[in-house]
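> Pasting run_35.txt here (compact mmCIF, C-alpha atoms):
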```
# COMPACT_ATOMS: atom_id res chain seq x y z
CA MET A 18 77.65 77.63 140.88
CA LYS A 19 80.95 78.50 139.27
CA ASN A 20 83.18 81.05 140.99
CA PHE A 21 84.50 83.46 138.38
CA LEU A 22 87.59 85.60 138.75
CA PRO A 23 86.93 89.21 139.83
CA LEU A 24 87.27 91.89 137.17
CA LYS A 25 89.69 93.83 139.37
CA VAL A 26 92.10 90.91 138.92
CA VAL A 27 91.43 89.95 135.29
CA LEU A 28 91.48 93.42 133.73
CA PRO A 29 94.84 94.51 135.23
CA LEU A 30 96.39 91.18 134.20
CA LEU A 31 95.13 91.66 130.64
CA LEU A 32 96.50 95.22 130.61
CA VAL A 33 99.90 93.93 131.72
CA LEU A 34 99.79 91.24 129.03
CA LEU A 35 98.78 93.79 126.37
CA THR A 36 101.60 96.13 127.41
CA THR A 37 104.09 93.26 127.26
CA VAL A 38 103.11 92.04 123.79
CA GLY A 39 102.93 95.66 122.63
CA ILE A 40 106.54 96.31 123.65
CA ILE A 41 107.62 93.06 122.00
CA SER A 42 105.78 94.07 118.83
CA LEU A 43 107.58 97.40 118.70
CA GLY A 44 110.96 95.76 119.28
CA VAL A 45 111.01 92.76 116.93
CA GLY A 46 111.69 92.83 113.22
CA PRO A 47 114.63 93.15 110.80
CA VAL A 48 115.95 95.87 113.15
CA SER A 49 115.71 94.70 116.78
CA ILE A 50 115.20 97.44 119.36
CA ALA A 51 115.58 96.95 123.11
CA PRO A 52 112.62 97.77 125.40
CA MET A 53 114.37 100.71 127.11
CA GLU A 54 115.24 102.20 123.73
CA ILE A 55 111.58 101.86 122.70
CA PHE A 56 110.42 103.88 125.71
CA GLY A 57 113.00 106.55 124.89
CA LEU A 58 111.95 106.73 121.25
CA LEU A 59 108.26 106.91 122.14
CA PHE A 60 108.72 109.68 124.69
CA GLY A 61 111.00 112.02 122.82
CA ALA A 62 114.53 110.61 122.84
CA GLY A 63 116.36 110.68 119.54
CA SER A 64 115.89 112.74 116.41
CA PRO A 65 112.67 112.23 114.39
CA ASN A 66 114.93 111.51 111.41
CA ASP A 67 116.81 108.68 113.12
CA VAL A 68 116.27 105.29 111.49
CA GLU A 69 115.10 103.69 114.74
CA SER A 70 112.69 106.58 115.42
CA ILE A 71 111.17 106.19 111.97
CA ILE A 72 110.85 102.42 112.42
CA VAL A 73 109.13 102.67 115.80
CA ARG A 74 106.99 105.77 115.38
CA ASP A 75 106.04 105.59 111.70
CA LEU A 76 106.06 101.86 110.91
CA ARG A 77 105.56 99.67 113.97
CA LEU A 78 103.48 101.92 116.26
CA PRO A 79 100.57 102.48 113.82
CA ARG A 80 100.56 98.77 113.03
CA LEU A 81 100.47 97.94 116.75
CA LEU A 82 97.63 100.36 117.45
CA LEU A 83 95.66 99.03 114.49
CA ALA A 84 96.18 95.44 115.70
CA MET A 85 94.82 96.45 119.11
CA LEU A 86 91.81 98.21 117.58
CA VAL A 87 90.98 95.35 115.20
CA GLY A 88 91.35 92.68 117.88
CA ALA A 89 89.28 94.64 120.39
CA ALA A 90 86.54 95.36 117.84
CA LEU A 91 86.24 91.78 116.61
CA ALA A 92 86.22 90.37 120.15
CA GLN A 93 83.54 92.73 121.47
CA SER A 94 81.43 92.24 118.35
CA GLY A 95 81.76 88.48 118.87
CA ALA A 96 80.65 88.82 122.49
CA VAL A 97 77.56 90.70 121.32
CA MET A 98 76.72 88.12 118.67
CA GLN A 99 77.11 85.21 121.11
CA GLY A 100 74.78 86.95 123.56
CA PHE A 101 72.35 88.02 120.85
CA PHE A 102 72.00 84.51 119.42
CA GLN A 103 72.57 82.87 122.84
CA ASN A 104 75.05 80.61 121.08
CA PRO A 105 78.79 80.37 121.88
CA MET A 106 79.46 79.34 118.26
CA ALA A 107 78.34 82.73 116.93
CA ASP A 108 80.92 85.26 115.75
CA PRO A 109 80.96 88.73 114.13
CA TYR A 110 80.85 87.23 110.65
CA ILE A 111 77.64 85.25 111.21
CA ILE A 112 75.42 87.79 109.42
CA GLY A 113 77.62 88.04 106.32
CA ILE A 114 80.06 90.76 107.38
CA SER A 115 83.14 88.90 106.15
CA SER A 116 81.53 87.82 102.88
CA GLY A 117 80.36 91.37 102.15
CA ALA A 118 83.75 92.85 102.98
CA ALA A 119 85.49 90.27 100.78
CA LEU A 120 83.14 91.07 97.89
CA GLY A 121 83.68 94.82 98.26
CA ALA A 122 87.46 94.59 98.50
CA THR A 123 87.69 92.12 95.60
CA LEU A 124 85.56 94.42 93.46
CA ALA A 125 87.84 97.37 94.25
CA PHE A 126 90.99 95.41 93.39
CA SER A 127 89.42 94.00 90.22
CA LEU A 128 88.51 97.51 89.02
CA GLY A 129 91.98 98.83 89.88
CA LEU A 130 90.58 101.18 92.51
CA ASP A 131 93.39 100.96 95.04
CA PHE A 132 94.11 104.59 95.95
CA TRP A 133 93.85 107.16 98.74
CA PHE A 134 91.44 110.10 98.65
CA ALA A 135 90.90 112.64 101.45
CA GLY A 136 92.63 110.33 103.93
CA ILE A 137 90.50 107.29 103.03
CA ASN A 138 91.69 104.15 101.28
CA SER A 139 89.37 103.06 98.46
CA VAL A 140 89.75 99.32 99.13
CA SER A 141 88.88 99.80 102.81
CA LEU A 142 85.89 101.92 101.80
CA PHE A 143 84.62 99.28 99.36
CA ALA A 144 85.10 96.55 102.00
CA PHE A 145 83.25 98.60 104.61
CA PHE A 146 80.27 99.31 102.39
CA GLY A 147 80.26 95.74 101.10
CA SER A 148 80.01 94.35 104.62
CA LEU A 149 77.35 96.85 105.64
CA THR A 150 75.33 96.25 102.47
CA VAL A 151 75.22 92.50 103.08
CA SER A 152 74.44 93.01 106.76
CA PHE A 153 71.53 95.34 106.05
CA VAL A 154 70.18 93.06 103.31
CA VAL A 155 70.19 90.25 105.89
CA TYR A 156 68.54 92.60 108.39
CA GLY A 157 65.84 93.60 105.88
CA ILE A 158 65.08 90.02 104.89
CA SER A 159 64.91 88.90 108.53
CA THR A 160 62.61 91.62 109.84
CA ARG A 161 59.05 90.43 110.42
CA GLY A 162 56.89 93.49 111.02
CA LYS A 163 58.48 95.06 114.08
CA ARG A 164 60.16 91.83 115.18
CA LEU A 165 63.65 90.54 114.43
CA PRO A 166 63.70 86.75 115.05
CA ALA A 167 67.25 85.52 115.74
CA SER A 168 66.70 82.19 113.97
CA VAL A 169 65.56 83.90 110.75
CA LEU A 170 68.48 86.32 110.99
CA LEU A 171 70.93 83.43 111.31
CA LEU A 172 69.57 81.56 108.29
CA SER A 173 69.41 84.73 106.20
CA GLY A 174 73.01 85.51 107.10
CA VAL A 175 74.16 82.08 105.94
CA ALA A 176 72.26 82.37 102.64
CA ILE A 177 73.27 85.93 101.72
CA GLY A 178 76.83 85.31 102.90
CA ALA A 179 77.05 82.30 100.58
CA LEU A 180 75.80 84.43 97.67
CA ALA A 181 78.39 87.13 98.39
CA ALA A 182 81.12 84.46 98.59
CA ALA A 183 80.02 83.07 95.22
CA LEU A 184 80.23 86.53 93.65
CA THR A 185 83.69 86.98 95.18
CA SER A 186 84.81 83.69 93.65
CA PHE A 187 83.48 84.81 90.26
CA LEU A 188 85.49 88.04 90.46
CA LEU A 189 88.60 86.08 91.44
CA ILE A 190 88.22 83.83 88.40
CA THR A 191 87.63 86.70 86.00
CA SER A 192 90.22 89.10 87.45
CA SER A 193 93.35 89.21 85.34
CA SER A 194 95.33 91.43 87.71
CA ASN A 195 95.87 92.07 91.41
CA LEU A 196 95.11 88.42 92.20
CA GLU A 197 97.92 88.20 94.76
CA GLN A 198 96.74 91.39 96.48
CA ILE A 199 93.19 90.08 96.62
CA LEU A 200 94.18 86.73 98.12
CA TYR A 201 96.45 88.38 100.66
CA TRP A 202 93.64 90.71 101.76
CA LEU A 203 91.18 87.83 102.01
CA MET A 204 93.54 86.00 104.39
CA GLY A 205 93.85 89.06 106.66
CA SER A 206 96.93 91.21 107.05
CA LEU A 207 98.21 94.32 108.81
CA ALA A 208 101.21 94.70 106.52
CA SER A 209 101.96 98.23 105.27
CA ARG A 210 99.35 99.77 107.53
CA ARG A 211 100.01 103.43 108.28
CA TRP A 212 98.78 106.20 110.55
CA GLU A 213 96.13 106.99 107.93
CA HIS A 214 94.54 103.58 108.52
CA VAL A 215 94.46 104.19 112.28
CA GLN A 216 92.88 107.62 111.79
CA MET A 217 90.27 106.11 109.47
CA VAL A 218 88.83 103.73 112.03
CA TRP A 219 89.64 104.61 115.64
CA PRO A 220 86.80 107.13 116.23
CA TYR A 221 84.13 104.76 114.90
CA ILE A 222 85.46 101.75 116.79
CA LEU A 223 85.61 103.73 120.03
CA ILE A 224 82.07 105.11 119.63
CA CYS A 225 80.64 101.66 118.85
CA MET A 226 82.39 100.16 121.88
CA LEU A 227 80.98 102.83 124.18
CA ILE A 228 77.44 102.35 122.84
CA LEU A 229 77.62 98.59 123.34
CA GLN A 230 79.00 99.00 126.86
CA PHE A 231 76.14 101.40 127.68
CA PHE A 232 73.58 98.75 126.68
CA ALA A 233 75.43 95.80 128.28
CA ARG A 234 72.85 95.45 131.07
CA ASP A 235 70.05 95.16 128.48
CA LEU A 236 71.86 92.27 126.81
CA ASN A 237 72.07 90.56 130.21
CA LEU A 238 68.31 90.89 130.56
CA LEU A 239 67.72 89.53 127.06
CA LEU A 240 69.47 86.34 128.13
CA LEU A 241 66.62 85.82 130.61
CA GLY A 242 64.18 85.59 127.70
CA GLU A 243 62.48 88.28 125.67
CA GLU A 244 59.29 88.20 127.72
CA ASN A 245 61.16 88.54 131.01
CA ALA A 246 63.30 91.35 129.58
CA HIS A 247 60.17 93.18 128.43
CA ASN A 248 58.63 92.82 131.89
CA LEU A 249 61.80 94.33 133.37
CA GLY A 250 61.44 97.45 131.23
CA VAL A 251 63.57 96.60 128.16
CA ASN A 252 62.30 97.68 124.74
CA VAL A 253 63.29 94.30 123.34
CA GLU A 254 63.06 94.89 119.59
CA ARG A 255 64.70 98.32 119.81
CA VAL A 256 67.58 96.96 121.86
CA LYS A 257 68.05 93.98 119.52
CA ARG A 258 68.32 96.36 116.56
CA ILE A 259 70.84 98.53 118.37
CA PHE A 260 73.02 95.53 119.20
CA LEU A 261 72.84 94.10 115.71
CA ILE A 262 73.54 97.36 113.88
CA VAL A 263 76.29 98.63 116.18
CA ALA A 264 78.04 95.23 116.37
CA ALA A 265 77.89 94.99 112.56
CA LEU A 266 79.35 98.50 112.23
CA LEU A 267 82.09 97.62 114.71
CA ALA A 268 83.14 94.45 112.91
CA ALA A 269 82.79 96.01 109.45
CA THR A 270 85.06 98.90 110.43
CA ALA A 271 87.71 96.48 111.72
CA VAL A 272 87.53 94.20 108.69
CA SER A 273 87.78 97.14 106.29
CA VAL A 274 91.41 97.81 107.31
CA SER A 275 92.62 94.32 108.24
CA GLY A 276 90.94 91.90 105.87
CA ILE A 277 89.31 88.79 107.26
CA ILE A 278 90.87 87.67 110.55
CA GLY A 279 89.03 84.63 111.82
CA PHE A 280 88.47 83.09 115.26
CA VAL A 281 89.12 86.27 117.29
CA GLY A 282 85.43 87.02 117.74
CA LEU A 283 84.70 83.36 118.38
CA VAL A 284 87.43 82.28 120.79
CA VAL A 285 88.14 85.40 122.87
CA PRO A 286 84.60 86.06 124.20
CA HIS A 287 84.26 82.39 125.05
CA ILE A 288 87.51 82.35 127.02
CA MET A 289 86.64 85.60 128.79
CA ARG A 290 83.19 84.25 129.67
CA LEU A 291 84.85 81.28 131.37
CA LEU A 292 87.07 83.67 133.34
CA VAL A 293 84.78 86.54 134.32
CA GLY A 294 81.29 85.09 133.80
CA PRO A 295 78.39 85.93 131.49
CA ASP A 296 77.70 89.45 132.80
CA HIS A 297 78.32 91.58 129.71
CA ARG A 298 79.20 94.63 131.80
CA GLY A 299 82.44 92.84 132.64
CA LEU A 300 82.61 90.53 129.65
CA PHE A 301 82.82 93.42 127.15
CA PRO A 302 85.95 95.12 128.60
CA ALA A 303 87.61 91.75 129.20
CA SER A 304 86.91 90.73 125.59
CA ILE A 305 88.23 94.05 124.29
CA LEU A 306 91.56 93.59 126.07
CA GLY A 307 91.73 89.88 125.28
CA GLY A 308 91.06 90.47 121.58
CA ALA A 309 93.72 93.17 121.42
CA CYS A 310 96.26 90.83 123.07
CA LEU A 311 95.48 87.99 120.69
CA VAL A 312 95.77 90.00 117.46
CA VAL A 313 98.97 91.75 118.58
CA ALA A 314 100.54 88.39 119.51
CA ALA A 315 99.37 86.86 116.21
CA ASP A 316 100.84 89.80 114.31
CA ILE A 317 104.20 89.27 116.02
CA LEU A 318 104.18 85.65 114.89
CA ALA A 319 103.09 86.64 111.38
CA ARG A 320 106.11 88.94 111.07
CA THR A 321 108.73 86.68 112.62
CA LEU A 322 108.00 83.01 111.90
CA ILE A 323 109.36 83.01 108.34
CA ALA A 324 111.09 86.41 108.35
CA PRO A 325 111.80 88.33 106.18
CA ALA A 326 108.62 87.02 104.54
CA GLU A 327 105.29 87.55 106.30
CA ILE A 328 102.41 85.17 106.95
CA PRO A 329 98.87 86.55 106.63
CA ILE A 330 97.62 87.12 110.16
CA GLY A 331 94.34 85.30 109.48
CA ILE A 332 96.32 82.07 109.07
CA ILE A 333 97.97 82.59 112.46
CA THR A 334 94.70 83.25 114.31
CA SER A 335 93.09 80.21 112.71
CA VAL A 336 96.01 77.93 113.58
CA LEU A 337 96.01 79.22 117.17
CA GLY A 338 92.27 79.49 117.60
CA CYS A 339 90.91 76.28 116.12
CA PRO A 340 92.66 73.66 118.31
CA PHE A 341 92.38 75.81 121.43
CA PHE A 342 88.67 76.28 120.93
CA LEU A 343 88.18 72.54 120.32
CA PHE A 344 90.12 71.86 123.53
CA LEU A 345 87.86 74.23 125.47
CA LEU A 346 84.76 72.60 124.04
CA GLY A 347 85.99 69.19 125.11
CA ARG A 348 86.99 70.25 128.63
CA ARG A 349 84.26 72.74 129.53
CA ARG A 350 81.02 71.69 127.89
CA ASP A 351 79.14 72.47 131.05
CA ALA A 352 80.31 76.10 130.98
CA ILE A 353 78.82 76.88 127.57
CA ILE A 354 75.85 79.20 127.77
```
Mind turning the file's structure into structure tokens?

Amino acid sequence: MKNFLPLKVVLPLLLVLLTTVGIISLGVGPVSIAPMEIFGLLFGAGSPNDVESIIVRDLRLPRLLLAMLVGAALAQSGAVMQGFFQNPMADPYIIGISSGAALGATLAFSLGLDFWFAGINSVSLFAFFGSLTVSFVVYGISTRGKRLPASVLLLSGVAIGALAAALTSFLLITSSSNLEQILYWLMGSLASRRWEHVQMVWPYILICMLILQFFARDLNLLLLGEENAHNLGVNVERVKRIFLIVAALLAATAVSVSGIIGFVGLVVPHIMRLLVGPDHRGLFPASILGGACLVVAADILARTLIAPAEIPIGIITSVLGCPFFLFLLGRRRDAII
């Protein structure tokens, strides 16, 4: 039996790593700022009107926090989906979340509806409702009486996701404006994100994370088989619905402000499972911290590799995630659940 690392070792190490990449993220850019200056600016040193204060507090800090939130949300949602489907190849987008978000955002751009109202960005709102609409259509199609078979859900997600992708392609072909904005959003980006974006999503992401953590033990029992879980007191169908809906909400909220950032929800939970084991009570917090680290690091690379231009962050996560995941598959086949 494999000996996994204890959480009391892994979680502090991930926190140290997240703090390190966070400081680097705040310091790098067209204006470089030393770590000690960053601490001073964050905790009151300097006038609010100083250029460096504006750069750190108003430009880089909200982008950093949003990167952490998005990475954490996608990674935990991926951990849920891999446990739900009992398949390490599952990710948050498996039930059409990305396709629905892409369709919603593309529709908003095509109609020229890129504006702010009551602290909410219209494109993010369209993306959020697009992803939820597709997810709930998949849910409705897959429900059989009071049961929710995972295999039917998977196939429905593939089919409805393909339909949403086709509609997105149609809008791209027929759209005469905002094509560059649409493509940039589809590739995932945290550029120009502000405090308003953070305020839009952080309460919902936090609530979803807490709900999933509360039901982590039930997901462990589901891995033993639905009949065994039922015999141990789990309301199987109710718990499956909770996991599916909350994980979909979590990923949809993240995607609504970042665009489509791939591989985070696929790679991070798998790596964390190899480190801390399959117990979701520890896997969830490890995935949250690991996902935050990955997206912050990818965002640093996106901003610096071809500066002053910026690479969409989805390209960075795919380039980093694909070969690393293939390497893990080749080396650790026996560890896959």
> Find the spatial neighbours of A:Leu238, counting all atoms listed in the file, within a cut-off of 12 Å - ignore same-chain residues fewer than 2 positions away - and output them as a PyMOL selection string.
chain A and resi 100-101+103+232-236+240-253+256-257+295-298
> Calculated over all atoms listed in the file, which of the candidates A:Gly162, A:Pro286, A:Pro220, A:Gly88 has the smallest distance to A:Asn104?
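For A:Asn104, the nearest of the candidates is A:Pro286.
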> When distances are computed from only C-alpha atoms, which of A:Gly308, A:Pro47, A:Pro166, A:Gly57 shows the smallest separation from A:Phe102?
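Answer, going by the shortest atom-to-atom distance: A:Pro166.
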> Could you tell me which of A:Leu76, A:Met85, A:Leu24, A:Leu311 comes closest to A:Leu43 if we count only C-alpha atoms?
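Checking each candidate against A:Leu43, we get A:Leu76 as the closest.
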> Skip A:Leu22 itself and residues of its chain fewer than 3 positions away, then list as a list in words all residues within 8 Å of it, counting all atoms listed in the file.
Val26, Val27, Leu292 and Val293 of chain A
> List every protein, DNA or RNA residue with an atom no more than 10 Å from (98.0, 88.0, 115.0) in the file's coordinates, counting only C-alpha atoms, and format the result as an MDAnalysis selection string.
chainID A and resid 84:85 88 205:207 278 281 308:320 328:335 337
> Between A:Leu82, A:Val218, A:Ala271, A:Leu28, which is the closest to A:Ile40 once you count only C-alpha atoms?
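Selected residue with least distance to A:Ile40: A:Leu82.
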> Pick out the residues sitting within 8 Å of A:Trp212, and hand them over as a VMD selection string; count only C-alpha atoms, and ignore anything fewer than 4 positions along from it in its own chain.
chain A and resid 75 79 216
